[in-house]
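Asker: So here's work.pdb, just PDB, C-alpha atoms:
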```pdb
MODEL        1
ATOM      1  CA  MET A 162       8.621 -15.106  35.187
ATOM      2  CA  LYS A 163      11.545 -13.904  37.291
ATOM      3  CA  ASN A 164      14.696 -15.990  37.080
ATOM      4  CA  ILE A 165      18.395 -15.973  37.943
ATOM      5  CA  ILE A 166      19.722 -16.885  34.506
ATOM      6  CA  ARG A 167      21.598 -13.601  34.077
ATOM      7  CA  ALA A 168      23.372 -14.114  37.418
ATOM      8  CA  LEU A 169      24.234 -17.738  36.590
ATOM      9  CA  ARG A 170      25.457 -16.782  33.146
ATOM     10  CA  THR A 171      27.664 -14.006  34.510
ATOM     11  CA  GLU A 172      28.979 -16.391  37.149
ATOM     12  CA  HIS A 173      30.095 -18.737  34.352
ATOM     13  CA  GLY A 174      31.569 -15.818  32.400
ATOM     14  CA  TRP A 175      29.319 -16.466  29.406
ATOM     15  CA  SER A 176      27.826 -13.897  27.065
ATOM     16  CA  GLN A 177      24.208 -14.170  25.974
ATOM     17  CA  ALA A 178      25.443 -15.419  22.593
ATOM     18  CA  THR A 179      27.526 -18.179  24.245
ATOM     19  CA  LEU A 180      24.574 -19.354  26.322
ATOM     20  CA  ALA A 181      22.315 -19.167  23.251
ATOM     21  CA  ASP A 182      24.747 -21.350  21.276
ATOM     22  CA  GLN A 183      24.825 -23.927  24.042
ATOM     23  CA  LEU A 184      21.033 -24.052  24.166
ATOM     24  CA  GLY A 185      20.578 -23.981  20.380
ATOM     25  CA  VAL A 186      18.457 -20.822  20.522
ATOM     26  CA  SER A 187      18.937 -17.231  19.398
ATOM     27  CA  ARG A 188      20.584 -14.526  21.526
ATOM     28  CA  GLN A 189      17.254 -12.655  21.494
ATOM     29  CA  SER A 190      15.604 -15.692  23.081
ATOM     30  CA  VAL A 191      18.125 -15.689  25.926
ATOM     31  CA  ASN A 192      17.620 -11.953  26.387
ATOM     32  CA  ALA A 193      13.813 -12.312  26.376
ATOM     33  CA  ILE A 194      13.977 -15.100  28.979
ATOM     34  CA  GLU A 195      16.470 -13.236  31.184
ATOM     35  CA  THR A 196      14.356 -10.090  31.221
ATOM     36  CA  GLY A 197      11.181 -12.069  31.941
ATOM     37  CA  LYS A 198       9.623 -11.019  28.639
ATOM     38  CA  TYR A 199       9.235 -14.649  27.614
ATOM     39  CA  ASP A 200       8.696 -17.821  29.658
ATOM     40  CA  PRO A 201      10.529 -20.786  28.122
ATOM     41  CA  SER A 202       8.820 -24.074  27.324
ATOM     42  CA  LEU A 203       9.357 -27.010  29.663
ATOM     43  CA  PRO A 204      12.021 -28.680  27.429
ATOM     44  CA  LEU A 205      13.983 -25.413  27.217
ATOM     45  CA  ALA A 206      13.627 -24.790  30.960
ATOM     46  CA  PHE A 207      15.000 -28.308  31.598
ATOM     47  CA  ALA A 208      17.877 -27.668  29.178
ATOM     48  CA  ILE A 209      18.747 -24.444  31.033
ATOM     49  CA  ALA A 210      18.549 -26.190  34.414
ATOM     50  CA  ARG A 211      20.717 -29.066  33.179
ATOM     51  CA  LEU A 212      23.294 -26.665  31.769
ATOM     52  CA  PHE A 213      23.687 -24.884  35.103
ATOM     53  CA  ASP A 214      23.361 -28.147  37.056
ATOM     54  CA  LYS A 215      20.381 -26.855  39.019
ATOM     55  CA  SER A 216      16.689 -27.651  39.298
ATOM     56  CA  ILE A 217      14.076 -25.615  37.433
ATOM     57  CA  GLU A 218      12.741 -24.274  40.755
ATOM     58  CA  ASP A 219      16.236 -23.033  41.675
ATOM     59  CA  ILE A 220      16.366 -20.965  38.504
ATOM     60  CA  PHE A 221      12.783 -19.824  37.971
ATOM     61  CA  ASP A 222      10.766 -18.027  40.619
ATOM     62  CA  ASP A 223       7.395 -19.749  40.709
ATOM     63  CA  SER A 224       5.970 -17.604  43.539
ATOM     64  CA  THR A 225       3.078 -16.425  41.327
ATOM     65  CA  ALA A 226       2.147 -20.026  40.542
ATOM     66  CA  LYS A 227       2.414 -20.920  44.222
ATOM     67  CA  LYS A 228       0.127 -18.007  45.146
ATOM     68  CA  LEU A 229      -2.412 -19.087  42.550
ATOM     69  CA  ALA A 230      -2.311 -22.666  43.823
ATOM     70  CA  ALA A 231      -2.841 -21.505  47.422
ATOM     71  CA  GLU A 232      -5.917 -19.449  46.493
TER      72      GLU A 232
ATOM     73  CA  MET B 239      15.878 -29.670  20.761
ATOM     74  CA  THR B 240      19.255 -29.838  19.089
ATOM     75  CA  GLN B 241      22.310 -27.641  19.527
ATOM     76  CA  GLN B 242      21.950 -26.032  16.093
ATOM     77  CA  THR B 243      18.183 -25.608  15.835
ATOM     78  CA  TYR B 244      18.084 -21.828  15.410
ATOM     79  CA  LYS B 245      21.234 -21.379  13.333
ATOM     80  CA  SER B 246      20.542 -24.314  11.011
ATOM     81  CA  ALA B 247      16.972 -23.095  10.464
ATOM     82  CA  LYS B 248      18.282 -19.679   9.472
ATOM     83  CA  LYS B 249      20.922 -21.183   7.158
ATOM     84  CA  ARG B 250      18.356 -23.476   5.539
ATOM     85  CA  TYR B 251      16.022 -20.508   5.031
ATOM     86  CA  TRP B 252      18.642 -18.362   3.299
ATOM     87  CA  ARG B 253      19.898 -21.286   1.198
ATOM     88  CA  ALA B 254      16.377 -21.595  -0.213
ATOM     89  CA  PHE B 255      15.461 -17.889  -0.263
ATOM     90  CA  VAL B 256      18.220 -16.675  -2.611
ATOM     91  CA  PRO B 257      17.591 -19.176  -5.476
ATOM     92  CA  ILE B 258      13.820 -18.692  -5.153
ATOM     93  CA  MET B 259      14.148 -14.928  -5.536
ATOM     94  CA  ILE B 260      16.513 -15.317  -8.521
ATOM     95  CA  LEU B 261      14.038 -17.712 -10.132
ATOM     96  CA  TYR B 262      11.174 -15.314  -9.394
ATOM     97  CA  LEU B 263      13.023 -12.377 -10.940
ATOM     98  CA  ILE B 264      13.931 -14.400 -14.035
ATOM     99  CA  ALA B 265      10.349 -15.655 -14.435
ATOM    100  CA  THR B 266       8.780 -12.212 -14.063
ATOM    101  CA  LEU B 267      11.304 -10.223 -16.118
ATOM    102  CA  ALA B 268      11.881 -12.790 -18.870
ATOM    103  CA  GLY B 269       8.208 -13.719 -18.924
ATOM    104  CA  SER B 270       6.938 -10.172 -19.391
ATOM    105  CA  ALA B 271       9.704  -9.387 -21.908
ATOM    106  CA  PHE B 272       8.811 -12.518 -23.896
ATOM    107  CA  LEU B 273       5.104 -11.628 -23.916
ATOM    108  CA  GLN B 274       5.918  -8.208 -25.342
ATOM    109  CA  THR B 275       7.359  -9.856 -28.457
ATOM    110  CA  PHE B 276       3.817 -10.886 -29.499
ATOM    111  CA  ASP B 277       1.312  -8.594 -31.158
ATOM    112  CA  VAL B 278      -1.509 -10.655 -29.679
ATOM    113  CA  GLU B 279      -0.343 -12.801 -26.793
ATOM    114  CA  PRO B 280      -1.811 -16.323 -26.745
ATOM    115  CA  THR B 281      -3.874 -16.815 -23.566
ATOM    116  CA  TRP B 282      -2.317 -20.209 -22.843
ATOM    117  CA  LEU B 283       1.139 -18.594 -22.889
ATOM    118  CA  GLN B 284       0.030 -15.752 -20.613
ATOM    119  CA  ALA B 285      -1.429 -18.302 -18.196
ATOM    120  CA  THR B 286       1.717 -20.446 -18.317
ATOM    121  CA  ILE B 287       3.968 -17.456 -17.585
ATOM    122  CA  ALA B 288       1.633 -16.326 -14.785
ATOM    123  CA  LEU B 289       1.904 -19.811 -13.270
ATOM    124  CA  ALA B 290       5.702 -19.809 -13.700
ATOM    125  CA  CYS B 291       5.861 -16.485 -11.817
ATOM    126  CA  THR B 292       3.581 -17.767  -9.044
ATOM    127  CA  LEU B 293       5.281 -21.100  -8.365
ATOM    128  CA  PRO B 294       8.455 -19.581  -6.800
ATOM    129  CA  MET B 295       6.236 -17.577  -4.411
ATOM    130  CA  VAL B 296       4.292 -20.706  -3.449
ATOM    131  CA  TYR B 297       7.576 -22.465  -2.742
ATOM    132  CA  TYR B 298       8.773 -19.406  -0.810
ATOM    133  CA  LEU B 299       5.703 -19.633   1.459
ATOM    134  CA  PHE B 300       6.533 -23.295   2.061
ATOM    135  CA  VAL B 301      10.110 -22.259   2.984
ATOM    136  CA  GLN B 302       8.737 -19.571   5.289
ATOM    137  CA  ILE B 303       6.458 -22.026   7.108
ATOM    138  CA  ARG B 304       9.315 -24.540   7.358
ATOM    139  CA  TYR B 305      11.397 -21.791   8.989
ATOM    140  CA  PHE B 306       8.632 -21.164  11.529
ATOM    141  CA  LEU B 307       8.640 -24.840  12.433
ATOM    142  CA  GLU B 308      12.424 -25.204  12.628
ATOM    143  CA  THR B 309      13.479 -22.027  14.412
ATOM    144  CA  ASP B 310      13.593 -21.691  18.203
ATOM    145  CA  GLU B 311      10.432 -21.184  20.221
ATOM    146  CA  TYR B 312      10.804 -17.453  20.969
ATOM    147  CA  ASP B 313      11.644 -16.612  17.357
ATOM    148  CA  ARG B 314       8.708 -18.787  16.255
ATOM    149  CA  LEU B 315       6.387 -16.806  18.528
ATOM    150  CA  ILE B 316       7.615 -13.470  17.119
ATOM    151  CA  GLN B 317       7.431 -14.726  13.518
ATOM    152  CA  LEU B 318       3.926 -16.111  13.904
ATOM    153  CA  LYS B 319       2.698 -12.954  15.662
ATOM    154  CA  GLY B 320       4.226 -10.858  12.865
ATOM    155  CA  PHE B 321       2.690 -13.124  10.228
ATOM    156  CA  ALA B 322      -0.747 -12.922  11.887
ATOM    157  CA  ILE B 323      -0.612  -9.131  12.294
ATOM    158  CA  GLY B 324       0.637  -8.762   8.703
ATOM    159  CA  ALA B 325      -2.223 -10.958   7.457
ATOM    160  CA  ALA B 326      -4.772  -9.037   9.558
ATOM    161  CA  ILE B 327      -3.568  -5.686   8.203
ATOM    162  CA  THR B 328      -3.570  -6.937   4.604
ATOM    163  CA  VAL B 329      -7.021  -8.525   4.842
ATOM    164  CA  SER B 330      -8.372  -5.311   6.408
ATOM    165  CA  VAL B 331      -6.905  -3.299   3.535
ATOM    166  CA  ILE B 332      -8.379  -5.776   1.016
ATOM    167  CA  PHE B 333     -11.814  -5.309   2.586
ATOM    168  CA  LEU B 334     -11.458  -1.526   2.571
ATOM    169  CA  PHE B 335     -10.359  -1.362  -1.065
ATOM    170  CA  GLY B 336     -12.980  -3.957  -1.992
ATOM    171  CA  PHE B 337     -15.785  -1.844  -0.552
ATOM    172  CA  LEU B 338     -14.335   1.362  -2.001
ATOM    173  CA  GLN B 339     -14.378  -0.306  -5.429
ATOM    174  CA  MET B 340     -17.868  -1.716  -4.940
ATOM    175  CA  PHE B 341     -19.218   1.724  -4.025
ATOM    176  CA  HIS B 342     -17.363   3.293  -6.985
ATOM    177  CA  VAL B 343     -15.207   5.539  -4.800
ATOM    178  CA  ILE B 344     -12.024   4.296  -6.484
ATOM    179  CA  ASP B 345     -11.174   2.666  -9.797
ATOM    180  CA  ARG B 346     -10.105  -0.950 -10.093
ATOM    181  CA  ILE B 347      -6.712  -1.719  -8.581
ATOM    182  CA  GLU B 348      -4.332  -4.555  -9.378
ATOM    183  CA  VAL B 349      -4.971  -7.445  -6.975
ATOM    184  CA  PHE B 350      -1.297  -8.415  -7.380
ATOM    185  CA  TRP B 351      -0.158  -5.616  -5.045
ATOM    186  CA  PHE B 352      -1.840  -7.198  -2.030
ATOM    187  CA  GLY B 353       0.837  -9.931  -2.118
ATOM    188  CA  PRO B 354       3.817  -7.566  -1.715
ATOM    189  CA  ALA B 355       1.706  -5.494   0.727
ATOM    190  CA  PHE B 356       1.323  -8.571   2.925
ATOM    191  CA  PHE B 357       5.085  -9.180   2.986
ATOM    192  CA  VAL B 358       5.735  -5.527   3.865
ATOM    193  CA  ALA B 359       3.146  -5.668   6.674
ATOM    194  CA  TYR B 360       4.557  -8.967   7.944
ATOM    195  CA  GLY B 361       8.136  -7.662   7.871
ATOM    196  CA  LEU B 362       7.293  -4.422   9.648
ATOM    197  CA  SER B 363       5.188  -6.220  12.295
ATOM    198  CA  THR B 364       7.975  -8.705  12.974
ATOM    199  CA  TYR B 365      10.487  -5.863  13.206
ATOM    200  CA  ALA B 366       8.237  -3.969  15.637
ATOM    201  CA  LEU B 367       7.794  -7.060  17.809
ATOM    202  CA  GLY B 368      11.315  -8.412  17.914
ATOM    203  CA  GLY B 369      13.699  -5.929  16.323
ATOM    204  CA  ARG B 370      16.061  -6.438  13.410
ATOM    205  CA  GLN B 371      17.449  -9.674  14.841
ATOM    206  CA  CYS B 372      14.069 -11.362  14.477
ATOM    207  CA  LEU B 373      14.012 -10.944  10.694
ATOM    208  CA  PRO B 374      15.080 -14.310   9.239
TER     209      PRO B 374
ENDMDL
END
```
Taking this structure as input, can you express it in the form of structure tokens?

Answerer:
Amino acid sequence: MKNIIRALRTEHGWSQATLADQLGVSRQSVNAIETGKYDPSLPLAFAIARLFDKSIEDIFDDSTAKKLAAE
Amino acid sequence: MTQQTYKSAKKRYWRAFVPIMILYLIATLAGSAFLQTFDVEPTWLQATIALACTLPMVYYLFVQIRYFLETDEYDRLIQLKGFAIGAAITVSVIFLFGFLQMFHVIDRIEVFWFGPAFFVAYGLSTYALGGRQCLP
């Protein structure tokens, strides 16, 4: 799933390791989520949204889900 | 989800892994050396030493599964995929060697080696899936 985590992280001046520490996950997890290789669970998605003070929809692009729902 | 989930899981794993491996080495080396002091080894002693060598590995598997449960979700996914692929490869090899033995193509082989073979297959699969960082 596409997302804007990398942009938000850069905006805050954080490295992947810093963000990973704040979320309690590994740096590889942050990298996998940023590159869209891995979709986080709902609790982790909420934690990310809370950290950046945004909603999940603001961060994750759910256009595929929307398309599927419309079909 | 806590702040330290991933790091504390890794720390807990290594804190258990090192003593287990030391214990395993002592049990296997001392056990086999002790058995060599007998002309005819008593079966009960052989069985006891075999059990003493196995118990650290059983505990290691418990530690491994605990790590799967405690680490973060992405690492868990990579670990479990690696574990499943490693198990699939090992079981396939067991079947192959089993049939080769049954049809008298090869001589008997030590069943023991399938254990280390599984860990090699699991490690390599995990490495292929997630890179060096995904090894615990």

Asker: For Ala254 in chain B, work out the shell of residues within 10 Å, counting all atoms listed in the file and skipping chain neighbours fewer than 5 positions away, then give it as an mmCIF file with C-alpha atoms, in the frame of the given file.

Answerer:
```cif
data_model
loop_
_atom_site.group_PDB
_atom_site.id
_atom_site.type_symbol
_atom_site.label_atom_id
_atom_site.label_comp_id
_atom_site.auth_asym_id
_atom_site.auth_seq_id
_atom_site.Cartn_x
_atom_site.Cartn_y
_atom_site.Cartn_z
ATOM 1 C CA LYS B 249 20.922 -21.183 7.158
ATOM 2 C CA MET B 259 14.148 -14.928 -5.536
ATOM 3 C CA TYR B 297 7.576 -22.465 -2.742
ATOM 4 C CA TYR B 298 8.773 -19.406 -0.810
ATOM 5 C CA VAL B 301 10.110 -22.259 2.984
ATOM 6 C CA GLN B 302 8.737 -19.571 5.289
#
```

Asker: Once the ChimeraX specification (/B :<10) & /A is applied to the coordinates I shared, what remains selected? I want it as a count of residues only.

Answerer: 20

Asker: Pick from B:Val343, B:Leu362, B:Ala265, B:Leu338: nearest to Leu293 in chain B, with all atoms listed in the file counted?

Answerer: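 Under the stated criterion, the closest residue is B:Ala265.
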
Asker: Within 9 Å of range 319-332 of chain B, counting only C-alpha atoms, which residues qualify if same-chain residues fewer than 2 places away don't, as a PyMOL selection string?

Answerer: chain B and resi 314-317+334-337+349+352-353+355-367

Asker: Which value, in Å to one decimal, gives the distance between CA of Phe272 in chain B and CA of Leu289 in chain B?

Answerer: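 Value for the CA of Phe272 in chain B-CA of Leu289 in chain B distance: 14.6 Å.
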
Asker: Write out as a VMD selection string each polymer residue whose atoms come within 12 Å of Ser216 in chain A, counting all atoms listed in the file; drop sequence neighbours fewer than 5 positions from it.

Answerer: chain A and resid 165 206 to 211 221 to 222

Asker: So which residues touch Glu195 in chain A within 7 Å, counting all atoms listed in the file, skipping near sequence neighbours fewer than 4 positions away, as a list of chain:residue names?

Answerer: A:Asn164, A:Ile166, A:Arg167, A:Val191

Asker: Please report the interatomic distance between CA of Thr171 in chain A and CA of Ala247 in chain B in Å with one decimal.

Answerer: 27.8 Å

Asker: So that all listed atoms of range 169-176 of chain A fit with 5 Å spare on each side, what axis-aligned box centre and edge lengths in Å, to one decimal, would you give as lines of an AutoDock Vina configuration file?

Answerer:
```
center_x = 27.9
center_y = -16.3
center_z = 32.1
size_x = 17.3
size_y = 14.8
size_z = 20.1
```

Asker: Which value, in Å to one decimal, gives the distance between CA of Trp282 in chain B and CA of Pro354 in chain B?

Answerer: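 About the pair CA of Trp282 in chain B and CA of Pro354 in chain B: they are 25.4 Å apart.
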
Asker: Write out as a list of chain:residue names which residues come within 8 Å of Ile287 in chain B when counting all atoms listed in the file, dropping same-chain ones fewer than 2 positions away.

Answerer: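 The residues satisfying every condition are B:Ala265, B:Thr266, B:Gly269, B:Leu283, B:Gln284, B:Ala285, B:Leu289, B:Ala290, B:Cys291.
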
Asker: With C-alpha atoms retained, could you export that selection as a JSON list (two decimals), keeping the file's coordinate frame?

Answerer:
```json
[["chain", "number", "residue", "atom", "x", "y", "z"],
["B", 265, "ALA", "CA", 10.35, -15.66, -14.44],
["B", 266, "THR", "CA", 8.78, -12.21, -14.06],
["B", 269, "GLY", "CA", 8.21, -13.72, -18.92],
["B", 283, "LEU", "CA", 1.14, -18.59, -22.89],
["B", 284, "GLN", "CA", 0.03, -15.75, -20.61],
["B", 285, "ALA", "CA", -1.43, -18.30, -18.20],
["B", 289, "LEU", "CA", 1.90, -19.81, -13.27],
["B", 290, "ALA", "CA", 5.70, -19.81, -13.70],
["B", 291, "CYS", "CA", 5.86, -16.48, -11.82]]
```

Asker: Point out the residue among B:Ile344, B:Met295, B:Lys248, B:Phe276 with the least atom-to-atom distance to Ile260 in chain B, counting only C-alpha atoms.

Answerer: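 Residue with the minimum atom-to-atom distance to Ile260 in chain B: B:Met295.
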
Asker: Place N, CA and C atoms on range 262-273 of chain B and deliver the coordinates as an mmCIF file, in the frame of the given file.

Answerer:
```cif
data_model
loop_
_atom_site.group_PDB
_atom_site.id
_atom_site.type_symbol
_atom_site.label_atom_id
_atom_site.label_comp_id
_atom_site.auth_asym_id
_atom_site.auth_seq_id
_atom_site.Cartn_x
_atom_site.Cartn_y
_atom_site.Cartn_z
ATOM 1 N N TYR B 262 12.354 -16.194 -9.312
ATOM 2 C CA TYR B 262 11.174 -15.314 -9.394
ATOM 3 C C TYR B 262 11.468 -14.125 -10.308
ATOM 4 N N LEU B 263 12.640 -13.525 -10.106
ATOM 5 C CA LEU B 263 13.023 -12.377 -10.940
ATOM 6 C C LEU B 263 13.133 -12.771 -12.403
ATOM 7 N N ILE B 264 13.780 -13.930 -12.650
ATOM 8 C CA ILE B 264 13.931 -14.400 -14.035
ATOM 9 C C ILE B 264 12.552 -14.646 -14.650
ATOM 10 N N ALA B 265 11.684 -15.328 -13.907
ATOM 11 C CA ALA B 265 10.349 -15.655 -14.435
ATOM 12 C C ALA B 265 9.554 -14.395 -14.755
ATOM 13 N N THR B 266 9.588 -13.414 -13.841
ATOM 14 C CA THR B 266 8.780 -12.212 -14.063
ATOM 15 C C THR B 266 9.367 -11.338 -15.181
ATOM 16 N N LEU B 267 10.683 -11.117 -15.121
ATOM 17 C CA LEU B 267 11.304 -10.223 -16.118
ATOM 18 C C LEU B 267 11.315 -10.859 -17.506
ATOM 19 N N ALA B 268 11.808 -12.116 -17.572
ATOM 20 C CA ALA B 268 11.881 -12.790 -18.870
ATOM 21 C C ALA B 268 10.478 -13.054 -19.405
ATOM 22 N N GLY B 269 9.584 -13.425 -18.514
ATOM 23 C CA GLY B 269 8.208 -13.719 -18.924
ATOM 24 C C GLY B 269 7.529 -12.513 -19.541
ATOM 25 N N SER B 270 7.618 -11.365 -18.857
ATOM 26 C CA SER B 270 6.938 -10.172 -19.391
ATOM 27 C C SER B 270 7.631 -9.676 -20.660
ATOM 28 N N ALA B 271 8.975 -9.805 -20.704
ATOM 29 C CA ALA B 271 9.704 -9.387 -21.908
ATOM 30 C C ALA B 271 9.313 -10.270 -23.092
ATOM 31 N N PHE B 272 9.179 -11.573 -22.829
ATOM 32 C CA PHE B 272 8.811 -12.518 -23.896
ATOM 33 C C PHE B 272 7.400 -12.223 -24.417
ATOM 34 N N LEU B 273 6.492 -11.909 -23.502
ATOM 35 C CA LEU B 273 5.104 -11.628 -23.916
ATOM 36 C C LEU B 273 5.014 -10.381 -24.796
#
```
